[in-house]
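Structure file coords-v5.cif with mmCIF, C-alpha atoms and all ligand atoms:
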data_final
loop_
_atom_site.label_atom_id
_atom_site.label_comp_id
_atom_site.auth_asym_id
_atom_site.auth_seq_id
_atom_site.Cartn_x
_atom_site.Cartn_y
_atom_site.Cartn_z
CA MET A 1 80.20 121.75 86.19
CA GLU A 2 83.09 122.46 88.55
CA SER A 3 85.00 119.33 89.54
CA ILE A 4 86.50 118.78 92.98
CA ILE A 5 88.31 115.49 92.43
CA LYS A 6 89.88 114.43 89.18
CA THR A 7 91.71 111.24 88.32
CA LYS A 8 94.06 110.77 85.40
CA ASP A 9 94.88 107.27 84.13
CA LEU A 10 94.47 105.93 87.65
CA THR A 11 95.78 102.38 87.68
CA ILE A 12 96.67 99.80 90.29
CA ALA A 13 97.86 96.24 89.91
CA PHE A 14 98.08 93.61 92.63
CA GLY A 15 100.73 91.19 91.43
CA GLY A 16 99.74 90.64 87.83
CA HIS A 17 96.09 91.55 88.36
CA VAL A 18 95.07 95.06 87.24
CA ALA A 19 92.24 95.96 89.62
CA VAL A 20 91.74 99.53 88.32
CA ASN A 21 92.89 100.34 84.81
CA GLU A 22 93.54 103.88 83.54
CA VAL A 23 90.46 105.47 85.05
CA SER A 24 90.20 109.19 84.22
CA VAL A 25 87.16 110.92 85.71
CA ASP A 26 85.94 114.26 87.03
CA ILE A 27 83.89 114.18 90.22
CA PRO A 28 81.66 117.27 90.34
CA LYS A 29 81.73 119.57 93.37
CA ASN A 30 78.75 119.66 95.74
CA GLN A 31 77.10 116.79 93.93
CA PHE A 32 76.17 113.28 94.92
CA THR A 33 78.11 110.80 92.80
CA SER A 34 77.57 107.06 93.09
CA VAL A 35 80.10 104.52 91.93
CA ILE A 36 78.46 101.32 90.79
CA GLY A 37 79.58 98.12 89.14
CA PRO A 38 79.37 94.38 89.70
CA ASN A 39 81.37 92.58 92.39
CA GLY A 40 85.09 92.87 91.74
CA ALA A 41 84.68 95.87 89.40
CA GLY A 42 87.29 97.82 91.37
CA LYS A 43 85.00 100.22 93.24
CA THR A 44 86.59 99.88 96.68
CA THR A 45 90.09 99.87 95.22
CA PHE A 46 89.26 103.08 93.32
CA PHE A 47 87.95 104.61 96.57
CA ASN A 48 91.11 103.58 98.41
CA MET A 49 93.16 105.49 95.88
CA LEU A 50 90.97 108.59 96.30
CA SER A 51 91.26 108.46 100.08
CA GLY A 52 94.97 107.60 100.15
CA GLN A 53 94.72 104.09 101.61
CA LEU A 54 96.31 102.76 98.42
CA THR A 55 99.01 104.27 96.20
CA PRO A 56 98.38 103.83 92.50
CA THR A 57 100.81 101.94 90.32
CA LYS A 58 100.29 104.63 87.69
CA GLY A 59 98.25 107.79 87.24
CA GLN A 60 97.26 110.70 89.45
CA VAL A 61 94.59 112.00 91.79
CA PHE A 62 93.87 115.74 91.92
CA PHE A 63 91.91 117.61 94.58
CA LYS A 64 90.89 121.13 93.55
CA GLY A 65 93.57 121.05 90.91
CA GLU A 66 96.36 119.96 93.26
CA ASP A 67 98.13 116.67 92.63
CA ILE A 68 97.56 114.72 95.87
CA THR A 69 98.70 111.31 94.61
CA LYS A 70 101.55 111.15 97.11
CA LYS A 71 99.58 112.43 100.11
CA SER A 72 98.70 110.01 102.92
CA ALA A 73 95.13 109.29 104.02
CA THR A 74 95.65 111.52 107.08
CA GLU A 75 96.90 114.40 104.95
CA ARG A 76 93.95 113.99 102.59
CA ALA A 77 91.50 114.04 105.51
CA ARG A 78 93.15 117.24 106.68
CA ILE A 79 92.69 118.97 103.33
CA GLY A 80 89.09 117.83 102.95
CA ILE A 81 88.67 114.23 101.82
CA GLY A 82 87.06 112.05 104.48
CA ARG A 83 86.27 108.39 104.21
CA SER A 84 83.72 106.49 106.29
CA PHE A 85 85.57 104.84 109.11
CA GLN A 86 85.68 101.14 109.28
CA ILE A 87 84.36 99.85 112.55
CA THR A 88 87.95 99.20 113.72
CA ASN A 89 88.35 102.99 114.11
CA VAL A 90 85.52 103.08 116.65
CA PHE A 91 86.44 102.58 120.30
CA PRO A 92 84.11 99.75 121.35
CA ASN A 93 84.16 100.27 125.10
CA ILE A 94 83.27 103.93 125.28
CA THR A 95 79.90 105.45 124.51
CA VAL A 96 78.60 106.45 121.11
CA PHE A 97 78.67 110.08 122.26
CA GLU A 98 82.30 109.88 123.41
CA ASN A 99 83.37 108.32 120.12
CA VAL A 100 81.91 111.23 118.18
CA ARG A 101 83.20 113.84 120.63
CA LEU A 102 86.72 112.39 120.41
CA ALA A 103 86.53 112.42 116.60
CA ILE A 104 85.62 116.12 116.73
CA GLN A 105 88.42 116.79 119.20
CA SER A 106 90.96 114.97 117.05
CA ARG A 107 89.84 117.05 114.08
CA GLU A 108 90.37 120.25 116.03
CA ASN A 109 93.75 119.10 117.32
CA VAL A 110 94.80 118.45 113.77
CA ARG A 111 93.92 121.97 112.72
CA PHE A 112 95.19 123.93 115.69
CA GLN A 113 96.28 123.16 119.20
CA MET A 114 93.64 124.31 121.63
CA LEU A 115 93.35 124.69 125.34
CA ARG A 116 90.96 122.15 126.74
CA HIS A 117 88.75 124.26 128.91
CA PHE A 118 85.11 123.82 129.66
CA THR A 119 83.61 126.05 126.96
CA LYS A 120 85.56 124.18 124.34
CA TYR A 121 84.42 120.85 125.78
CA LYS A 122 80.83 122.09 125.72
CA ALA A 123 81.14 123.16 122.07
CA PHE A 124 82.47 119.71 121.15
CA ALA A 125 79.74 118.00 123.17
CA ASP A 126 77.00 120.08 121.56
CA GLU A 127 78.36 119.36 118.11
CA ALA A 128 78.56 115.63 118.90
CA MET A 129 74.90 115.58 119.97
CA SER A 130 73.87 117.50 116.89
CA ILE A 131 75.69 115.01 114.64
CA LEU A 132 74.09 112.10 116.49
CA GLU A 133 70.71 113.71 115.90
CA THR A 134 71.49 114.03 112.18
CA VAL A 135 72.38 110.35 111.86
CA LEU A 136 69.33 109.29 113.92
CA LEU A 137 71.48 107.94 116.73
CA LYS A 138 70.77 110.45 119.49
CA ASP A 139 68.73 107.92 121.45
CA ARG A 140 71.78 105.67 121.62
CA ALA A 141 74.26 108.38 122.71
CA LYS A 142 74.87 106.73 126.08
CA ALA A 143 75.19 103.18 124.72
CA LEU A 144 78.61 101.59 124.53
CA ALA A 145 79.66 101.35 120.88
CA VAL A 146 80.18 97.61 121.31
CA ASN A 147 76.47 97.15 122.05
CA LEU A 148 75.18 98.75 118.83
CA SER A 149 73.41 96.73 116.18
CA HIS A 150 75.12 96.42 112.83
CA GLY A 151 72.95 99.18 111.33
CA GLU A 152 73.63 101.48 114.29
CA LYS A 153 77.37 100.89 113.87
CA ARG A 154 77.14 102.02 110.25
CA LYS A 155 75.33 105.16 111.45
CA LEU A 156 78.12 105.74 113.96
CA GLU A 157 80.66 105.46 111.14
CA ILE A 158 78.77 108.16 109.24
CA ALA A 159 78.62 110.27 112.42
CA MET A 160 82.39 110.01 112.81
CA LEU A 161 82.85 110.97 109.20
CA LEU A 162 80.64 114.02 109.74
CA ALA A 163 82.69 114.84 112.84
CA LEU A 164 85.73 115.15 110.60
CA ASN A 165 83.77 117.88 108.79
CA THR A 166 85.44 117.29 105.45
CA GLU A 167 84.27 118.80 102.19
CA VAL A 168 84.21 115.43 100.46
CA LEU A 169 82.56 112.38 102.05
CA LEU A 170 83.47 108.96 100.70
CA LEU A 171 80.89 106.37 101.76
CA ASP A 172 81.61 102.73 100.99
CA GLU A 173 78.37 100.75 101.01
CA PRO A 174 76.83 102.44 104.04
CA THR A 175 73.90 100.00 104.03
CA ALA A 176 75.92 96.80 103.51
CA GLY A 177 74.78 94.01 105.76
CA MET A 178 71.88 96.00 107.20
CA SER A 179 68.51 94.47 107.76
CA LEU A 180 65.77 95.59 105.41
CA GLU A 181 64.16 97.63 108.20
CA GLU A 182 67.40 99.53 108.82
CA VAL A 183 68.10 100.55 105.22
CA PRO A 184 65.43 103.30 104.96
CA ALA A 185 66.77 105.00 108.10
CA ILE A 186 70.28 105.21 106.73
CA LEU A 187 68.95 106.37 103.37
CA ASP A 188 67.20 109.18 105.20
CA VAL A 189 70.44 110.15 106.87
CA ILE A 190 72.30 110.33 103.58
CA LYS A 191 69.48 112.27 101.94
CA GLN A 192 69.49 114.68 104.87
CA ILE A 193 73.25 115.24 104.57
CA LYS A 194 72.91 115.79 100.86
CA GLU A 195 70.09 118.30 101.27
CA GLU A 196 71.33 120.24 104.27
CA GLU A 197 75.08 120.35 103.80
CA ASN A 198 77.19 121.87 101.09
CA ARG A 199 79.17 118.72 100.53
CA THR A 200 80.42 116.45 97.83
CA ILE A 201 79.30 112.89 98.48
CA ILE A 202 80.82 109.92 96.69
CA LEU A 203 79.15 106.63 97.44
CA ILE A 204 79.73 103.01 96.55
CA GLU A 205 76.46 101.13 96.58
CA HIS A 206 75.08 97.90 95.26
CA LYS A 207 71.44 98.76 95.63
CA MET A 208 70.42 100.28 92.30
CA ASP A 209 67.16 101.73 93.61
CA MET A 210 69.07 103.66 96.23
CA VAL A 211 71.62 104.96 93.73
CA LEU A 212 68.99 106.16 91.31
CA GLY A 213 66.96 107.88 93.99
CA LEU A 214 69.84 109.76 95.58
CA SER A 215 72.49 110.49 92.97
CA ASP A 216 73.08 113.47 90.76
CA GLN A 217 75.76 111.50 88.92
CA VAL A 218 76.48 107.82 88.51
CA MET A 219 79.84 106.40 87.52
CA VAL A 220 80.11 102.82 86.32
CA LEU A 221 83.17 100.61 86.66
CA PHE A 222 83.45 97.17 85.13
CA ASN A 223 86.46 94.84 85.38
CA GLY A 224 88.56 97.73 86.65
CA GLU A 225 87.72 99.89 83.64
CA PHE A 226 85.71 103.10 83.50
CA LEU A 227 82.53 102.37 81.58
CA ALA A 228 80.26 105.39 81.82
CA GLN A 229 79.34 108.47 83.83
CA GLY A 230 76.16 110.51 83.71
CA SER A 231 72.84 111.25 85.33
CA PRO A 232 70.90 108.23 86.65
CA ASP A 233 68.64 108.41 83.58
CA GLU A 234 71.58 108.52 81.20
CA ILE A 235 73.15 105.53 82.93
CA MET A 236 69.93 103.53 82.82
CA GLU A 237 69.63 104.25 79.10
CA ASN A 238 73.29 103.54 78.32
CA GLU A 239 73.38 100.38 76.20
CA THR A 240 76.89 99.37 77.24
CA VAL A 241 75.90 99.67 80.89
CA GLN A 242 72.75 97.67 80.27
CA ALA A 243 74.71 94.99 78.48
CA VAL A 244 77.40 94.46 81.11
CA TYR A 245 75.69 95.41 84.32
CA ILE A 246 72.00 96.06 84.51
CA GLY A 247 71.06 93.60 81.80
CA GLY A 248 73.37 90.85 83.07
CA SER A 249 72.18 87.37 83.95
CA GLN A 250 69.66 87.00 86.74
CA ASP A 251 72.47 85.87 89.04
CA ASP A 252 74.55 88.94 88.18
CA LYS A 253 71.54 91.17 88.56
CA HIS A 254 70.76 89.73 91.94
CA THR A 255 74.33 90.20 93.06
CA SER A 256 74.56 93.75 91.79
CA GLU A 257 71.31 94.83 93.37
CA ILE A 258 71.54 93.08 96.67
CA GLY A 259 75.29 92.94 97.19
CA THR A 260 77.15 90.21 98.95
CA ASP A 261 79.43 92.06 101.28
N1 LIG B 301 94.79 93.91 98.31
C1 LIG B 301 94.46 93.20 97.21
N2 LIG B 301 95.27 92.23 96.75
C2 LIG B 301 94.96 91.52 95.65
N3 LIG B 301 93.84 91.70 94.92
C3 LIG B 301 93.00 92.66 95.33
C4 LIG B 301 93.24 93.45 96.49
N4 LIG B 301 92.21 94.32 96.65
C5 LIG B 301 91.35 94.09 95.64
N5 LIG B 301 91.82 93.09 94.84
C6 LIG B 301 91.18 92.58 93.63
O1 LIG B 301 90.88 93.69 92.82
C7 LIG B 301 89.62 93.53 92.20
C8 LIG B 301 88.70 94.69 92.54
O2 LIG B 301 88.34 94.57 93.91
P1 LIG B 301 87.42 95.64 94.64
O3 LIG B 301 87.22 95.17 96.04
O4 LIG B 301 87.96 96.98 94.43
O5 LIG B 301 86.07 95.49 93.82
P2 LIG B 301 84.63 96.05 94.18
O6 LIG B 301 84.06 96.57 92.92
O7 LIG B 301 84.71 96.97 95.33
O8 LIG B 301 83.90 94.73 94.57
P3 LIG B 301 82.73 94.44 95.63
O9 LIG B 301 81.50 95.04 95.04
O10 LIG B 301 82.69 92.98 95.67
O11 LIG B 301 83.14 95.08 96.93
C9 LIG B 301 89.08 92.18 92.63
O12 LIG B 301 89.42 91.22 91.65
C10 LIG B 301 89.83 91.91 93.92
O13 LIG B 301 89.98 90.56 94.14
#

Go ahead and render the structure in this file as structure tokens.
Ligand SMILES: Nc1ncnc2c1ncn2[C@@H]1O[C@H](COP(=O)(O)OP(=O)(O)OP(=O)(O)O)[C@@H](O)[C@H]1O
Amino acid sequence: MESIIKTKDLTIAFGGHVAVNEVSVDIPKNQFTSVIGPNGAGKTTFFNMLSGQLTPTKGQVFFKGEDITKKSATERARIGIGRSFQITNVFPNITVFENVRLAIQSRENVRFQMLRHFTKYKAFADEAMSILETVLLKDRAKALAVNLSHGEKRKLEIAMLLALNTEVLLLDEPTAGMSLEEVPAILDVIKQIKEEENRTIILIEHKMDMVLGLSDQVMVLFNGEFLAQGSPDEIMENETVQAVYIGGSQDDKHTSEIGTD
């Protein structure tokens, strides 16, 4: 299987604490890979090193064979690695539509300077509406971002990530904090993206049922260490994974399935 992202001995320490320890993995191209592991396993820290928000203490990140370890998050977005925006990147006092349109415009400005004439504006506007339709947020296009529910804000984050139009989408717990009614809608969105677009999706998720239903590949981290990688079935059958993660105490199990953040 062709890999798109590769890590070699990826390590980061905060003070004396090693949060990610010598993780070497291949993330397959055009596949859906989920990163799972109990709270504090190092999932978000690992993601931050893929997206360029954090610089590793040791080790390397490769994208299509190129060493990108020293590239900034902006440079990585430009070459094709996009990460779901935190809500701080959304302008609260403009509409949902305008947020997405501006994200598209910023993407285009990054690639080439363009004249802002009406046809270009219309192309951006049409694309923004199409993305909002994909993420099931078209009905809220005219709402101010500040007035969205938590679940709608997560959808807007995904919309803005799609607006970047990157080859790789990094999604960090897209359903975190959502109400139970909102989760299926966002699952549909992710399924739709997976089925319709030729993209590599890498997702951090606590909800095991979601991971198993959506993923082609699952990667397990535990205490900052790489534990296993394989198909959902292989991961479920892996005895080490069962011992430290799935078969943990009821409290651990609850935490890993439901998530706390
Ligand atoms: N900036 C930081 N400074 C110090 N310690 C950090 C920092 N970021 C993460 N850590 C520590 O690194 C470890 C891994 O954290 P990380 O957030 O990556 O785990 P996680 O698997 O994403 O957890 P969760 O599922 O709870 O989000 C934790 O022990 C955390 O406290």

Pick the closest to ligand LIG 301 (chain B) from A:Leu171, A:Val220, A:Ala19, A:Ile104: which is it, counting all atoms listed in the file?
-> A:Ala19

A:Leu137: which residues within 8 Å, counting only C-alpha atoms, same-chain residues fewer than 5 positions away excluded, as a tab-separated table (two decimals) with C-alpha atoms, keeping the file's coordinate frame?
chain	number	residue	atom	x	y	z
A	132	LEU	CA	74.09	112.10	116.49
A	152	GLU	CA	73.63	101.48	114.29
A	155	LYS	CA	75.33	105.16	111.45
A	156	LEU	CA	78.12	105.74	113.96

To test the calculation: enclose all listed atoms of ligand LIG 301 (chain B) in a box whose edges run along x, y and z, add 4 Å on each side, then state centre and edge lengths in Å to one decimal, as JSON.
{"center_x": 88.4, "center_y": 93.8, "center_z": 95.0, "size_x": 21.8, "size_y": 14.4, "size_z": 14.7}

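Counting from atom C6 of ligand LIG 301 (chain B), the distance to atom CA of A:Met208 is 22.2 Å.
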
If we count all atoms listed in the file, what is near A:Leu144 at a cut-off of 9 Å, once residues fewer than 3 positions away on the same chain are taken out, given as a PDB file with C-alpha atoms, keeping the file's coordinate frame?
ATOM      1  CA  PHE A  91      86.440 102.580 120.300  1.00  0.00           C
ATOM      2  CA  PRO A  92      84.110  99.750 121.350  1.00  0.00           C
ATOM      3  CA  ASN A  93      84.160 100.270 125.100  1.00  0.00           C
ATOM      4  CA  ILE A  94      83.270 103.930 125.280  1.00  0.00           C
ATOM      5  CA  THR A  95      79.900 105.450 124.510  1.00  0.00           C
ATOM      6  CA  VAL A  96      78.600 106.450 121.110  1.00  0.00           C
ATOM      7  CA  PHE A  97      78.670 110.080 122.260  1.00  0.00           C
ATOM      8  CA  ARG A 140      71.780 105.670 121.620  1.00  0.00           C
ATOM      9  CA  ALA A 141      74.260 108.380 122.710  1.00  0.00           C
ATOM     10  CA  ASN A 147      76.470  97.150 122.050  1.00  0.00           C
ATOM     11  CA  LEU A 148      75.180  98.750 118.830  1.00  0.00           C
TER      12      LEU A 148
END
